[in-house]
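Asks: mmCIF, C-alpha atoms and all ligand atoms, saved as coords.cif, coming up:
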```cif
data_structure
#
loop_
_atom_site.label_atom_id
_atom_site.label_comp_id
_atom_site.auth_asym_id
_atom_site.auth_seq_id
_atom_site.Cartn_x
_atom_site.Cartn_y
_atom_site.Cartn_z
CA VAL A 1 -4.79 14.63 2.84
CA GLY A 2 -6.36 16.47 5.78
CA GLU A 3 -5.06 14.68 8.88
CA ALA A 4 -4.26 11.51 6.94
CA ALA A 5 -0.72 10.59 5.90
CA ILE A 6 -0.92 8.71 2.59
CA THR A 7 2.12 6.81 1.33
CA CYS A 8 2.52 4.86 -1.90
CA ILE A 9 5.00 1.98 -1.83
CA SER A 10 6.04 0.56 -5.20
CA GLU A 11 7.07 -3.10 -5.14
CA ALA A 12 8.00 -3.52 -8.79
CA THR A 13 8.21 -1.70 -12.12
CA GLY A 14 8.14 -3.12 -15.63
CA VAL A 15 7.53 -2.09 -19.25
CA TYR A 16 4.61 -3.78 -21.01
CA GLY A 17 2.53 -3.37 -24.15
CA ILE A 18 -0.93 -1.83 -23.73
CA HIS A 19 -3.55 -4.58 -23.85
CA LEU A 20 -7.14 -3.25 -23.98
CA VAL A 21 -10.42 -3.95 -25.77
CA ASP A 22 -13.23 -1.54 -26.63
CA GLY A 23 -16.88 -1.92 -25.62
CA THR A 24 -17.44 -4.54 -28.36
CA GLY A 25 -14.47 -6.68 -27.34
CA LYS A 26 -12.27 -5.51 -30.26
CA PRO A 27 -8.57 -4.88 -29.41
CA VAL A 28 -7.79 -1.20 -29.04
CA VAL A 29 -4.80 0.36 -30.73
CA PRO A 30 -4.19 3.36 -28.50
CA PRO A 31 -3.57 6.54 -30.49
CA ASP A 32 -0.84 8.91 -29.39
CA VAL A 33 -2.55 9.49 -26.03
CA GLN A 34 0.15 7.51 -24.31
CA PRO A 35 3.42 5.80 -25.25
CA ASP A 36 3.17 2.06 -25.96
CA PRO A 37 4.78 0.05 -24.42
CA VAL A 38 4.34 1.83 -21.14
CA GLU A 39 6.02 1.68 -17.74
CA ILE A 40 3.74 0.35 -15.03
CA SER A 41 4.29 -0.29 -11.35
CA PHE A 42 2.86 -2.66 -8.74
CA GLN A 43 1.87 -0.43 -5.84
CA VAL A 44 0.37 -0.56 -2.39
CA VAL A 45 -1.00 2.42 -0.44
CA HIS A 46 -0.61 2.98 3.28
CA VAL A 47 -2.98 5.30 5.16
CA ARG A 48 -2.19 6.50 8.67
CA LEU A 49 -5.23 8.31 10.11
CA GLY A 50 -5.59 8.70 13.85
CA SER A 51 -4.88 5.40 15.58
CA ASN A 52 -5.48 3.37 12.43
CA SER A 53 -2.75 2.06 10.14
CA ILE A 54 -4.36 0.86 6.93
CA LEU A 55 -2.94 -0.96 3.91
CA VAL A 56 -4.79 -0.78 0.61
CA ASP A 57 -3.92 -4.14 -0.99
CA ALA A 58 -1.25 -6.54 0.20
CA GLY A 59 0.76 -6.58 -3.04
CA LEU A 60 3.36 -9.18 -3.91
CA ASP A 61 5.05 -11.96 -1.98
CA ASP A 62 8.71 -11.60 -0.95
CA ILE A 63 11.59 -11.54 -3.44
CA GLY A 64 13.48 -14.54 -2.01
CA THR A 65 10.52 -16.96 -2.12
CA ASP A 66 9.63 -19.47 -4.87
CA TRP A 67 6.66 -17.23 -5.59
CA GLY A 68 8.99 -14.23 -5.96
CA ARG A 69 11.24 -16.15 -8.38
CA ARG A 70 8.27 -17.30 -10.50
CA PHE A 71 6.92 -13.74 -10.57
CA ALA A 72 10.30 -12.35 -11.68
CA GLU A 73 10.51 -14.91 -14.52
CA ALA A 74 6.95 -14.31 -15.70
CA TRP A 75 6.88 -10.52 -15.46
CA HIS A 76 10.45 -9.38 -16.18
CA CYS A 77 10.20 -6.45 -13.84
CA ARG A 78 12.49 -4.66 -11.44
CA ARG A 79 11.60 -5.38 -7.80
CA THR A 80 12.15 -2.78 -5.09
CA PRO A 81 13.21 -3.95 -1.59
CA GLY A 82 9.46 -4.55 -1.08
CA LEU A 83 6.53 -3.63 1.08
CA ILE A 84 7.84 -4.45 4.56
CA PRO A 85 11.03 -2.36 4.17
CA GLY A 86 8.80 0.38 2.72
CA LEU A 87 6.56 0.26 5.78
CA GLN A 88 9.60 0.32 8.07
CA ALA A 89 10.80 3.47 6.30
CA ILE A 90 7.64 5.26 7.50
CA GLY A 91 7.78 3.85 11.03
CA GLU A 92 5.30 1.01 10.47
CA SER A 93 5.67 -2.77 10.64
CA ALA A 94 3.65 -5.90 9.86
CA GLU A 95 2.47 -5.81 13.50
CA SER A 96 1.36 -2.16 13.44
CA ILE A 97 -1.11 -2.63 10.55
CA THR A 98 -4.70 -2.53 11.86
CA HIS A 99 -6.64 -2.97 8.58
CA VAL A 100 -5.87 -4.43 5.16
CA VAL A 101 -8.37 -3.45 2.47
CA ILE A 102 -8.25 -5.69 -0.62
CA THR A 103 -9.53 -3.87 -3.72
CA HIS A 104 -9.95 -7.23 -5.50
CA ALA A 105 -8.56 -10.75 -5.28
CA HIS A 106 -6.22 -10.79 -8.31
CA PHE A 107 -2.85 -12.35 -7.51
CA ASP A 108 -0.83 -9.13 -7.52
CA HIS A 109 -3.11 -7.56 -4.86
CA ILE A 110 -3.34 -10.49 -2.42
CA ALA A 111 -0.07 -12.45 -2.62
CA GLY A 112 1.45 -10.44 0.26
CA LEU A 113 -1.44 -11.28 2.62
CA THR A 114 0.16 -14.50 3.86
CA VAL A 115 3.67 -15.73 4.43
CA LEU A 116 4.94 -19.32 4.07
CA GLU A 117 6.44 -20.71 7.27
CA ASP A 118 7.34 -24.40 7.75
CA GLY A 119 5.26 -25.30 4.70
CA THR A 120 2.11 -23.48 5.89
CA TYR A 121 0.69 -20.14 4.87
CA GLY A 122 -0.27 -17.84 7.76
CA PRO A 123 -1.30 -14.16 8.08
CA ARG A 124 1.55 -11.71 7.45
CA TYR A 125 -0.28 -8.94 9.36
CA PRO A 126 -1.23 -10.67 12.62
CA ASN A 127 -3.17 -7.73 14.10
CA ALA A 128 -5.00 -6.64 10.96
CA ARG A 129 -8.59 -7.27 10.01
CA VAL A 130 -8.77 -7.95 6.26
CA PHE A 131 -11.68 -6.52 4.22
CA VAL A 132 -12.68 -7.75 0.77
CA GLY A 133 -15.81 -7.77 -1.40
CA ARG A 134 -17.85 -10.91 -0.75
CA ALA A 135 -17.91 -11.84 -4.46
CA GLU A 136 -14.09 -11.91 -4.53
CA TRP A 137 -14.03 -14.80 -2.05
CA GLU A 138 -17.36 -16.61 -1.74
CA ALA A 139 -18.14 -16.66 -5.47
CA ASN A 140 -14.54 -17.05 -6.62
CA SER A 141 -14.32 -20.06 -8.97
CA GLU A 142 -10.65 -20.66 -7.99
CA ARG A 143 -11.42 -20.93 -4.30
CA PRO A 144 -12.04 -24.75 -4.22
CA ASN A 145 -8.51 -25.34 -5.59
CA PRO A 146 -6.19 -25.35 -2.54
CA GLU A 147 -3.19 -24.50 -4.78
CA SER A 148 -4.86 -21.34 -6.12
CA GLU A 149 -3.68 -17.89 -5.10
CA VAL A 150 -7.03 -16.99 -3.49
CA ALA A 151 -7.07 -20.20 -1.43
CA ARG A 152 -3.48 -19.69 -0.25
CA ARG A 153 -3.88 -16.02 0.55
CA LEU A 154 -7.47 -15.50 1.72
CA GLY A 155 -8.02 -19.02 3.11
CA PRO A 156 -5.60 -18.62 6.08
CA ILE A 157 -7.05 -15.17 6.82
CA GLU A 158 -10.55 -16.63 7.05
CA ALA A 159 -9.26 -19.57 9.14
CA ALA A 160 -7.66 -17.09 11.58
CA GLY A 161 -10.99 -15.27 11.96
CA LEU A 162 -9.54 -12.08 10.46
CA LEU A 163 -11.64 -11.84 7.28
CA THR A 164 -14.56 -9.41 6.85
CA LEU A 165 -16.63 -9.73 3.67
CA ILE A 166 -18.19 -6.54 2.29
CA ASP A 167 -21.55 -6.41 0.49
CA THR A 168 -22.01 -2.68 -0.04
CA ASP A 169 -20.23 0.66 0.48
CA THR A 170 -18.74 0.34 3.96
CA ASP A 171 -16.89 2.61 6.39
CA ILE A 172 -14.07 0.42 7.65
CA ALA A 173 -12.57 3.08 9.95
CA PRO A 174 -13.34 6.76 10.69
CA GLY A 175 -12.74 8.62 7.40
CA VAL A 176 -11.94 5.46 5.39
CA ALA A 177 -14.56 3.80 3.17
CA MET A 178 -14.67 0.95 0.67
CA VAL A 179 -16.78 2.01 -2.31
CA SER A 180 -18.23 -0.60 -4.64
CA ALA A 181 -16.74 -0.37 -8.15
CA PRO A 182 -17.26 -3.69 -10.00
CA GLY A 183 -15.94 -4.35 -13.51
CA GLU A 184 -12.30 -5.45 -13.21
CA SER A 185 -13.78 -8.23 -11.09
CA PRO A 186 -17.28 -8.75 -9.60
CA GLY A 187 -16.44 -7.55 -6.08
CA HIS A 188 -13.89 -4.84 -6.89
CA HIS A 189 -13.87 -1.85 -4.49
CA VAL A 190 -12.00 1.43 -4.41
CA VAL A 191 -10.96 3.13 -1.16
CA ARG A 192 -11.96 6.70 -0.27
CA VAL A 193 -10.25 8.64 2.51
CA THR A 194 -11.87 11.87 3.70
CA SER A 195 -10.27 14.08 6.33
CA ALA A 196 -10.64 17.78 7.20
CA GLY A 197 -12.50 18.50 3.96
CA GLU A 198 -9.96 16.75 1.71
CA THR A 199 -10.42 13.52 -0.25
CA PHE A 200 -8.17 10.75 -1.55
CA TYR A 201 -9.10 7.79 -3.75
CA ALA A 202 -7.05 4.62 -4.16
CA LEU A 203 -8.66 3.32 -7.35
CA GLY A 204 -7.21 -0.20 -7.39
CA ASP A 205 -7.55 -1.58 -10.93
CA LEU A 206 -10.40 0.73 -11.99
CA PHE A 207 -7.80 1.72 -14.63
CA HIS A 208 -4.54 0.15 -15.80
CA TYR A 209 -3.38 2.96 -18.12
CA THR A 210 -4.09 6.69 -18.13
CA CYS A 211 -5.49 6.51 -21.72
CA GLU A 212 -8.55 4.72 -20.24
CA ILE A 213 -9.60 7.85 -18.34
CA GLU A 214 -10.40 9.64 -21.59
CA HIS A 215 -11.86 6.43 -23.10
CA LEU A 216 -13.99 4.97 -20.34
CA GLU A 217 -15.12 2.11 -22.63
CA TRP A 218 -11.54 0.80 -23.03
CA VAL A 219 -11.09 -2.06 -20.59
CA ALA A 220 -8.90 -5.08 -19.92
CA PRO A 221 -10.03 -8.15 -21.94
CA TRP A 222 -11.22 -9.95 -18.78
CA ALA A 223 -13.33 -7.03 -17.48
CA ASP A 224 -17.13 -6.67 -17.46
CA ALA A 225 -17.18 -3.63 -19.74
CA PRO A 226 -20.68 -2.20 -18.94
CA ALA A 227 -20.08 -2.55 -15.18
CA MET A 228 -16.63 -1.00 -15.54
CA VAL A 229 -17.92 2.06 -17.43
CA GLN A 230 -20.62 2.61 -14.81
CA SER A 231 -18.14 2.29 -11.92
CA ARG A 232 -15.67 4.63 -13.61
CA ARG A 233 -18.33 7.33 -14.19
CA LYS A 234 -19.54 7.13 -10.59
CA ILE A 235 -16.09 7.27 -8.99
CA LEU A 236 -14.54 9.85 -11.35
CA ASP A 237 -17.57 12.14 -10.93
CA ASP A 238 -17.05 12.19 -7.17
CA ALA A 239 -13.26 12.49 -7.47
CA ALA A 240 -13.59 15.46 -9.82
CA ARG A 241 -16.28 17.14 -7.71
CA SER A 242 -14.31 16.76 -4.48
CA GLY A 243 -10.94 17.75 -6.00
CA ALA A 244 -9.56 14.45 -4.73
CA LEU A 245 -6.00 13.24 -4.89
CA VAL A 246 -6.18 9.97 -6.85
CA MET A 247 -3.98 7.04 -7.89
CA PHE A 248 -4.44 3.59 -9.40
CA SER A 249 -2.40 0.51 -8.51
CA HIS A 250 -0.45 0.16 -11.76
CA ALA A 251 0.14 3.81 -12.64
CA LYS A 252 3.76 4.74 -13.23
CA PHE A 253 5.40 5.54 -9.89
CA PRO A 254 4.86 8.06 -8.34
CA PRO A 255 1.15 7.70 -9.20
CA TRP A 256 -0.42 10.87 -7.73
CA ALA A 257 -2.93 12.74 -9.90
CA THR A 258 -6.16 14.75 -9.91
CA VAL A 259 -9.24 14.35 -12.09
CA SER A 260 -11.29 17.07 -13.78
CA LEU A 261 -14.42 17.01 -15.94
CA ASP A 262 -14.96 19.24 -18.97
CA GLU A 263 -17.34 19.08 -21.97
CA ASP A 264 -15.14 16.40 -23.62
CA GLY A 265 -15.04 14.12 -20.59
CA PHE A 266 -12.66 13.34 -17.77
CA ARG A 267 -9.04 14.52 -17.67
CA TRP A 268 -6.23 12.96 -15.66
CA THR A 269 -3.56 15.39 -14.45
CA GLU A 270 -0.41 13.86 -12.98
CA LEU A 271 1.10 15.84 -10.13
CA LYS A 272 4.51 17.31 -10.91
CA HIS A 273 7.46 16.27 -8.79
ZN ZN A 301 -3.57 -5.48 -10.59
#
```
Could you quickly redo this structure as structure tokens?
Ligand SMILES: [Zn+2]
Replies:
Amino acid sequence: VGEAAITCISEATGVYGIHLVDGTGKPVVPPDVQPDPVEISFQVVHVRLGSNSILVDAGLDDIGTDWGRRFAEAWHCRRTPGLIPGLQAIGESAESITHVVITHAHFDHIAGLTVLEDGTYGPRYPNARVFVGRAEWEANSERPNPESEVARRLGPIEAAGLLTLIDTDTDIAPGVAMVSAPGESPGHHVVRVTSAGETFYALGDLFHYTCEIEHLEWVAPWADAPAMVQSRRKILDDAARSGALVMFSHAKFPPWATVSLDEDGFRWTELKH
């Protein structure tokens, strides 16, 4: 994308039933827009642009840990070698990461932020500043519980002085912006990369399934539906207008797509491989 090298690293893939509600909270039975159950992935994006090496979300904890074993039992998915080997494959390392942008503080996006050593969680990316929406941390009801995922993952980052809380759309590096998109959670952000006239959006959990793009009012049961619909309209409008490359965290790997707008609404076009 322009001068930026964008890489998607999948950490796991599983097959799950589609679980959505409509604007009134009623469960949605998706028509034949998409197979059900559907294959989804757990994915992290890496952006190399100039001297900056940026991770969008920190993904899962390592396979060999207690966390990794509990995740495997709960989610019945196939793990890849993981994020660090993926980074090494593109010439990066935990030390080379300069920024970690957290789209939102759900467990599958933050668990990889810290690593357990001698019974204590510490930053996995020692040279990276971590950016997250203020509401994801300060107003998080799980934060007071030291055993919670947010406390274990964001707490050590704050203690190390590496946490930056975001209140509004923010440029975190030249060409890389966090754009407010609440709904999945109160402080959810997407990441926009612009370089040499080209645009890329990492959409985080703005969508979980492609059928939601044509039904903007279909959301996960825990989402704030009106906020979600507003965020989706705003971001998809810009993505369609700019001809952006787009992806969302749980799209089937490889997740690359483009968005267009016609009289019936938005269309999601997966890139052919
Ligand atoms: Zn997620």
Asks: For Ala225 in chain A, which of A:Glu11, A:Asp22, A:Asp118, A:Asp36 is the closest residue, counting all atoms listed in the file?
Replies: A:Asp22
Asks: Using all atoms listed in the file, find the one residue out of A:Gly112, A:Pro37, A:Gly187, A:Pro27 that sits nearest to Gly133 in chain A.
Replies: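 Checking each candidate against Gly133 in chain A, we get A:Gly187 as the closest.
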Asks: Throw together the list of residues within 12 Å of ligand ZN 301 (chain A), counting only C-alpha atoms and all ligand atoms, and drop it here as number ranges by chain.
Replies: A: 12, 40-44, 57-60, 102-111, 184-185, 188, 203-209, 220, 248-251
Asks: Keeping C-alpha atoms for every residue in the selection just given, could you write it to a file as a PDB file, keeping the file's coordinate frame?
Replies:
```pdb
ATOM      1  CA  ALA A  12       8.000  -3.520  -8.790  1.00  0.00           C
ATOM      2  CA  ILE A  40       3.740   0.350 -15.030  1.00  0.00           C
ATOM      3  CA  SER A  41       4.290  -0.290 -11.350  1.00  0.00           C
ATOM      4  CA  PHE A  42       2.860  -2.660  -8.740  1.00  0.00           C
ATOM      5  CA  GLN A  43       1.870  -0.430  -5.840  1.00  0.00           C
ATOM      6  CA  VAL A  44       0.370  -0.560  -2.390  1.00  0.00           C
ATOM      7  CA  ASP A  57      -3.920  -4.140  -0.990  1.00  0.00           C
ATOM      8  CA  ALA A  58      -1.250  -6.540   0.200  1.00  0.00           C
ATOM      9  CA  GLY A  59       0.760  -6.580  -3.040  1.00  0.00           C
ATOM     10  CA  LEU A  60       3.360  -9.180  -3.910  1.00  0.00           C
ATOM     11  CA  ILE A 102      -8.250  -5.690  -0.620  1.00  0.00           C
ATOM     12  CA  THR A 103      -9.530  -3.870  -3.720  1.00  0.00           C
ATOM     13  CA  HIS A 104      -9.950  -7.230  -5.500  1.00  0.00           C
ATOM     14  CA  ALA A 105      -8.560 -10.750  -5.280  1.00  0.00           C
ATOM     15  CA  HIS A 106      -6.220 -10.790  -8.310  1.00  0.00           C
ATOM     16  CA  PHE A 107      -2.850 -12.350  -7.510  1.00  0.00           C
ATOM     17  CA  ASP A 108      -0.830  -9.130  -7.520  1.00  0.00           C
ATOM     18  CA  HIS A 109      -3.110  -7.560  -4.860  1.00  0.00           C
ATOM     19  CA  ILE A 110      -3.340 -10.490  -2.420  1.00  0.00           C
ATOM     20  CA  ALA A 111      -0.070 -12.450  -2.620  1.00  0.00           C
ATOM     21  CA  GLU A 184     -12.300  -5.450 -13.210  1.00  0.00           C
ATOM     22  CA  SER A 185     -13.780  -8.230 -11.090  1.00  0.00           C
ATOM     23  CA  HIS A 188     -13.890  -4.840  -6.890  1.00  0.00           C
ATOM     24  CA  LEU A 203      -8.660   3.320  -7.350  1.00  0.00           C
ATOM     25  CA  GLY A 204      -7.210  -0.200  -7.390  1.00  0.00           C
ATOM     26  CA  ASP A 205      -7.550  -1.580 -10.930  1.00  0.00           C
ATOM     27  CA  LEU A 206     -10.400   0.730 -11.990  1.00  0.00           C
ATOM     28  CA  PHE A 207      -7.800   1.720 -14.630  1.00  0.00           C
ATOM     29  CA  HIS A 208      -4.540   0.150 -15.800  1.00  0.00           C
ATOM     30  CA  TYR A 209      -3.380   2.960 -18.120  1.00  0.00           C
ATOM     31  CA  ALA A 220      -8.900  -5.080 -19.920  1.00  0.00           C
ATOM     32  CA  PHE A 248      -4.440   3.590  -9.400  1.00  0.00           C
ATOM     33  CA  SER A 249      -2.400   0.510  -8.510  1.00  0.00           C
ATOM     34  CA  HIS A 250      -0.450   0.160 -11.760  1.00  0.00           C
ATOM     35  CA  ALA A 251       0.140   3.810 -12.640  1.00  0.00           C
TER      36      ALA A 251
END
```
Asks: Residues of range 85-143 of chain A that have any atom at most 9 Å from an atom of range 150-167 of chain A: could you tabulate them with the shortest-distance atom pair and the distance in Å to one decimal, using all atoms listed in the file, ordered by chain and increasing number, as a tab-separated table?
Replies:
```
residue	atom	partner	partner_atom	distance
A:Ala105	CA	A:Val150	CA	6.7
A:His106	CA	A:Val150	CA	7.9
A:Phe107	CA	A:Val150	CA	7.4
A:Ile110	CA	A:Arg153	CA	6.3
A:Ala111	CA	A:Arg153	CA	6.1
A:Gly112	CA	A:Arg153	CA	7.7
A:Leu113	CA	A:Arg153	CA	5.7
A:Thr114	CA	A:Arg153	CA	5.4
A:Val115	CA	A:Arg153	CA	8.5
A:Tyr121	CA	A:Pro156	CA	6.6
A:Gly122	CA	A:Pro156	CA	5.6
A:Pro123	CA	A:Ile157	CA	6.0
A:Pro126	CA	A:Leu162	CA	8.7
A:Asn127	CA	A:Leu162	CA	8.5
A:Ala128	CA	A:Leu162	CA	7.1
A:Arg129	CA	A:Leu162	CA	4.9
A:Val130	CA	A:Leu163	CA	4.9
A:Phe131	CA	A:Thr164	CA	4.9
A:Val132	CA	A:Leu165	CA	5.3
A:Gly133	CA	A:Ile166	CA	4.6
A:Arg134	CA	A:Leu165	CA	4.7
A:Ala135	CA	A:Asp167	CA	8.2
A:Glu136	CA	A:Val150	CA	8.8
A:Trp137	CA	A:Val150	CA	7.5
A:Glu138	CA	A:Leu165	CA	8.8
A:Asn140	CA	A:Val150	CA	8.1
A:Glu142	CA	A:Val150	CA	6.8
A:Arg143	CA	A:Ala151	CA	5.3
```
Asks: Can you measure CA of Trp268 in chain A to CA of Ile235 in chain A for me? One decimal in Å is fine.
Replies: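 CA of Trp268 in chain A sits 13.2 Å away from CA of Ile235 in chain A.
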Asks: Which one is closest to Asp169 in chain A: A:Gly183, A:Leu83, A:Val190, A:Phe71? Count only C-alpha atoms.
Replies: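 Smallest distance to Asp169 in chain A is found for A:Val190.
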Asks: Write out as a PyMOL selection string each polymer residue whose atoms come within 7 Å of Ser231 in chain A, counting only C-alpha atoms; drop sequence neighbours fewer than 4 positions from it.
Replies: chain A and resi 181-182+227+235
Asks: Go through A:Asp262, A:Gln88, A:Pro221, A:Ile6 and flag the residue nearest Arg192 in chain A, using all atoms listed in the file for the distances.
Replies: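 Distance minimum relative to Arg192 in chain A lands on A:Ile6.
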Asks: Rank A:Ala223, A:Ala74, A:Leu216, A:Val191 by their smallest atom-to-atom distance to Val246 in chain A, using all atoms listed in the file, and report the top residue only.
Replies: A:Val191
Asks: State, in Å with one decimal place, the distance from CA of Ser260 in chain A to CA of Asp237 in chain A.
Replies: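 Atom-to-atom, CA of Ser260 in chain A and CA of Asp237 in chain A are spaced 8.5 Å apart.
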Asks: Which one of A:Val47, A:Ala196, A:Ala177, A:Ile84 sits closest to Ile63 in chain A if you count only C-alpha atoms?
Replies: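 Answer, going by the shortest atom-to-atom distance: A:Ile84.
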Asks: Figure out the distance between CA of Glu147 in chain A and CA of Asp62 in chain A, please, to one decimal in Å.
Replies: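 Going from CA of Asp62 in chain A over to CA of Glu147 in chain A covers 18.0 Å.
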Asks: Just the residues within 8 Å of Ile54 in chain A, please, counting all atoms listed in the file, with nothing from its chain fewer than 6 positions along; format it as a list of chain:residue names.
Replies: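 Here the qualifying residues turn out to be A:His46, A:Val47, A:Arg48, A:Ile97, A:Thr98, A:His99, A:Val100, A:Val101.
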Asks: Write out as a list of chain:residue names each polymer residue whose atoms come within 8 Å of Leu87 in chain A, counting only C-alpha atoms; drop sequence neighbours fewer than 6 positions from it.
Replies: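 Contacts, in chain order: A:Ile9, A:Ser93, A:Ala94.
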